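Engineer: I am attaching a structure below and will ask some questions about it afterwards.
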2 protein chains.
Amino acid sequence: MTQELTRLQRQIGFLVEMDKAKSVFRQSYLTDGSRKENDAEHMWHLALCVLVLGEYAAEPVDLVRVLKMVLIHDIVEIDAGDTYIYDDVGRATQAEREGRAADRLYGLLPADQEAELREIWEEFEARATPESRFAAAVDRLQPVLLNLATEGRAWREHRMGADRVLAVNSKMEAGAPDLWDYVRQLLDDAVARGWLDEKTS
Amino acid sequence: MTQELTRLQRQIGFLVEMDKAKSVFRQSYLTDGSRKENDAEHMWHLALCVLVLGEYAAEPVDLVRVLKMVLIHDIVEIDAGDTYIYDDVGRATQAEREGRAADRLYGLLPADQEAELREIWEEFEARATPESRFAAAVDRLQPVLLNLATEGRAWREHRMGADRVLAVNSKMEAGAPDLWDYVRQLLDDAVARGWLDEKTS
């Protein structure tokens with residue numbers, strides 16, 4: 001006979017499972033170059049970006065909703081792994097892998113919370129609301145800041161030139177145009193310093 | 001001639017400095033036991049606890065304020081280091097060390113944001129509002145969950161018995177009484193399994 005989990009047991013079970021995001025590594029290096037960043041750290045850093053840079057959102061946003069979005073946006077990678085933003089092959093199967101991960105991971109929660117958080121994650125993925133466009137903008141900004149702090153290390157390792165970096169990150173413009181202007185200046189400067197090639201080789 | 005930083009440059013400077021929280025290590029182990037947790041991961045994990053467990057707050061709380069609180073509550077440790085909750089010697093100088101850290105770190109921000117975030121951090125430290133008591137409760141809960149997942153590893157390394165663990169964590173009761181009841185059951189169970197001694201040696 002299996003015993004039914006209580007609501008609190010399901011919530012705690014989900015929270016304990018979330019610990020695994022601390023072991024999913026991304027391509028960006030920490031600013032001191034000592035190692036790559038993991039998903040838990042990345043989601044925390046984005047939440048801070050939202051707190052500090054909210055005034056640059058293209059349209060008025062519901063701050064709690066943006067915070068929820070960035071705090072959960074990469075948890076599917078616990079099962080699906082990190083797909084590098086410049087990896088076109090990996091990105092072809094990404095939606096399907098992440099959909100299965102969302103079924104399992106959000107499914108650990110009580111049904112009402114599963115529905116709420118899954119909807120917020122799907123909103124993030126669809127980029128059709130001011131909140132999701134702003135969340136997506138800071139999700140592009142933060143890795144650029146880490147890359148610049150390490151003189152373009154992840155870009156150089158992946159042989160990315162300014163052309164591709166600009167193309168991928170130009171999606172920032174819709175969510176936070178002023179931040180995008182600033183990032184373009186930073187990228188010009190990175191090319192001038194030799195941290196980033198003009199063209200992808 | 002030094003050039004005045006723009007508002008955005010100050011904000012970005014603060015956010016880049018925050019990266020260092022990823023290199024401040026705590027005493028808790030990740031659930032897989034592979035290494036200790038760092039402050040950035042801990043703050044993210046607490047924010048998730050707030051999202052999922054908000055219904056257990058002792059009094060109605062402003063969710064954004066609690067989220068801001070847990071997202072920044074340990075950033076002073078970038079300068080002041082982590083003080084283990086069972087370290088009475090370190091705790092004697094903690095307030096003074098953390099005050100200086102707050103001056104420097106929040107001082108990186110534009111004045112209005114420095115004032116806002118510093119006030120939220122001081123509210124957290126004072127535990128005088130429903131928001132700060134609930135934030136403090138999840139700040140006690142999360143390390144207990146990590147410790148239980150590793151069969152009491154950090155407690156055993158520091159020779160903590162159930163008497164001290166209960167005394168330190170009983171502050172949870174004021175912010176989230178139902179979560180405290182649940183944690184007490186988990187701790188009884190940990191003693192029964194031999195993961196935690198009854199008395200501190």
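FYI, nothing fancy with the structure tokens labels: chains A, B, ... in order, residues from 1 per chain, ligands from 1 as they appear.
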Show me which bits of chain B are within 6 Å of chain A, counting only C-alpha atoms, as a PyMOL selection string.
Structural biologist: chain B and resi 40-41+44+64
Engineer: Restricting the output to N, CA, C and O atoms, write the selected residues as a PDB file, in the first residue's frame.
Structural biologist:
```pdb
ATOM      1  N   ALA B  40      25.142  32.265  -3.443  1.00  0.00           N
ATOM      2  CA  ALA B  40      24.236  32.572  -4.559  1.00  0.00           C
ATOM      3  C   ALA B  40      23.198  31.455  -4.699  1.00  0.00           C
ATOM      4  O   ALA B  40      21.995  31.716  -4.851  1.00  0.00           O
ATOM      5  N   GLU B  41      23.671  30.211  -4.617  1.00  0.00           N
ATOM      6  CA  GLU B  41      22.766  29.059  -4.716  1.00  0.00           C
ATOM      7  C   GLU B  41      21.760  29.062  -3.565  1.00  0.00           C
ATOM      8  O   GLU B  41      20.568  28.770  -3.754  1.00  0.00           O
ATOM      9  N   TRP B  44      19.067  31.708  -4.083  1.00  0.00           N
ATOM     10  CA  TRP B  44      18.105  31.246  -5.091  1.00  0.00           C
ATOM     11  C   TRP B  44      17.166  30.203  -4.487  1.00  0.00           C
ATOM     12  O   TRP B  44      15.942  30.262  -4.684  1.00  0.00           O
ATOM     13  N   VAL B  64       6.630  40.269  -2.738  1.00  0.00           N
ATOM     14  CA  VAL B  64       7.787  40.908  -3.387  1.00  0.00           C
ATOM     15  C   VAL B  64       8.836  41.286  -2.348  1.00  0.00           C
ATOM     16  O   VAL B  64      10.035  41.118  -2.571  1.00  0.00           O
TER      17      VAL B  64
END
```
Engineer: Would you return as a list of chain:residue names the members of range 6-146 of chain A that DSSP assigns to strand (DSSP E or B) on this structure's backbone?
Structural biologist: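 Restricting range 6-146 of chain A to strand (DSSP E or B) produces A:Phe25, A:Arg26, A:Gln27, A:Ser28, A:Tyr29, A:Lys36, A:Glu37, A:Asn38.
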Engineer: Could you please determine the separation between CA of Arg153 in chain B and CA of Tyr29 in chain B in Å, to one decimal place?
Structural biologist: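 Atom-to-atom, CA of Arg153 in chain B and CA of Tyr29 in chain B are spaced 7.6 Å apart.
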Engineer: Asp82 in chain A: which residues within 9 Å, counting only C-alpha atoms, same-chain residues fewer than 4 positions away excluded, as an MDAnalysis selection string?
Structural biologist: chainID A and resid 24:27 39 74 76:78
Engineer: Would you save the residues of that selection, restricted to N, CA and C atoms, as a CSV table (one decimal), in the first residue's frame?
Structural biologist:
```csv
chain,number,residue,atom,x,y,z
A,24,VAL,N,24.0,21.8,-12.7
A,24,VAL,CA,23.9,21.9,-14.1
A,24,VAL,C,24.7,23.1,-14.6
A,25,PHE,N,25.8,22.9,-15.3
A,25,PHE,CA,26.7,23.9,-15.6
A,25,PHE,C,26.4,24.5,-17.0
A,26,ARG,N,26.7,25.8,-17.1
A,26,ARG,CA,26.4,26.6,-18.3
A,26,ARG,C,27.8,26.9,-19.0
A,27,GLN,N,27.8,27.7,-20.0
A,27,GLN,CA,29.0,27.9,-20.8
A,27,GLN,C,29.8,29.2,-20.2
A,39,ASP,N,23.3,26.7,-13.1
A,39,ASP,CA,21.9,27.2,-13.3
A,39,ASP,C,21.4,28.0,-12.1
A,74,ASP,N,15.1,28.1,-15.8
A,74,ASP,CA,16.0,27.1,-16.3
A,74,ASP,C,15.9,25.8,-15.5
A,76,VAL,N,14.0,23.3,-15.9
A,76,VAL,CA,13.9,22.1,-16.8
A,76,VAL,C,15.2,21.5,-17.2
A,77,GLU,N,16.3,22.3,-17.0
A,77,GLU,CA,17.6,21.8,-17.4
A,77,GLU,C,18.1,20.8,-16.4
A,78,ILE,N,17.5,20.6,-15.3
A,78,ILE,CA,17.8,19.6,-14.3
A,78,ILE,C,17.7,18.2,-15.1
```
Engineer: So how far away is CA of Arg91 in chain B from CA of Trp121 in chain B, in Å?
Structural biologist: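 Interatomic distance here is 17.4 Å.
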Engineer: Report as JSON, numbers by chain: the residues of range 14-142 of chain A with a DSSP assignment of alpha helix (DSSP H), based on the backbone of this structure.
Structural biologist: {"A": [14, 15, 16, 17, 18, 39, 40, 41, 42, 43, 44, 45, 46, 47, 48, 49, 50, 51, 52, 53, 63, 64, 65, 66, 67, 68, 69, 70, 71, 72, 77, 78, 79, 80, 88, 89, 90, 91, 92, 93, 94, 95, 96, 97, 98, 99, 100, 101, 102, 103, 104, 105, 106, 111, 112, 113, 114, 115, 116, 117, 118, 119, 120, 121, 122, 123, 124, 125, 126, 130, 131, 132, 133, 134, 135, 136, 137, 138, 139, 140, 141, 142]}
Engineer: So, with only C-alpha atoms as the atoms that count, which of A:His73, A:Arg140, A:Arg156, A:Arg184 lies closest to Asn169 in chain A?
Structural biologist: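 Of the candidates, the smallest distance to Asn169 in chain A is held by A:Arg140.
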Engineer: For Val165 in chain B, find every residue with an atom within 10 Å (counting only C-alpha atoms), except residues of its own chain fewer than 3 positions away, and show them as a VMD selection string.
Structural biologist: chain B and resid 85 to 86 144 155 160 to 162 168 to 170 184 187 196 198 to 200
Engineer: Applying 9 Å and only C-alpha atoms, which residues near Arg133 in chain A remain after dropping the ones on its own chain fewer than 5 positions away? List them as a list in words.
Structural biologist: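 Contacts, with the query itself left out: Ala57, Ala58, Phe124, Ala126, Arg127, Ala128, Val138, Lys171, Met172, Glu173, Ala174, Gly175 and Ala176 of chain A.
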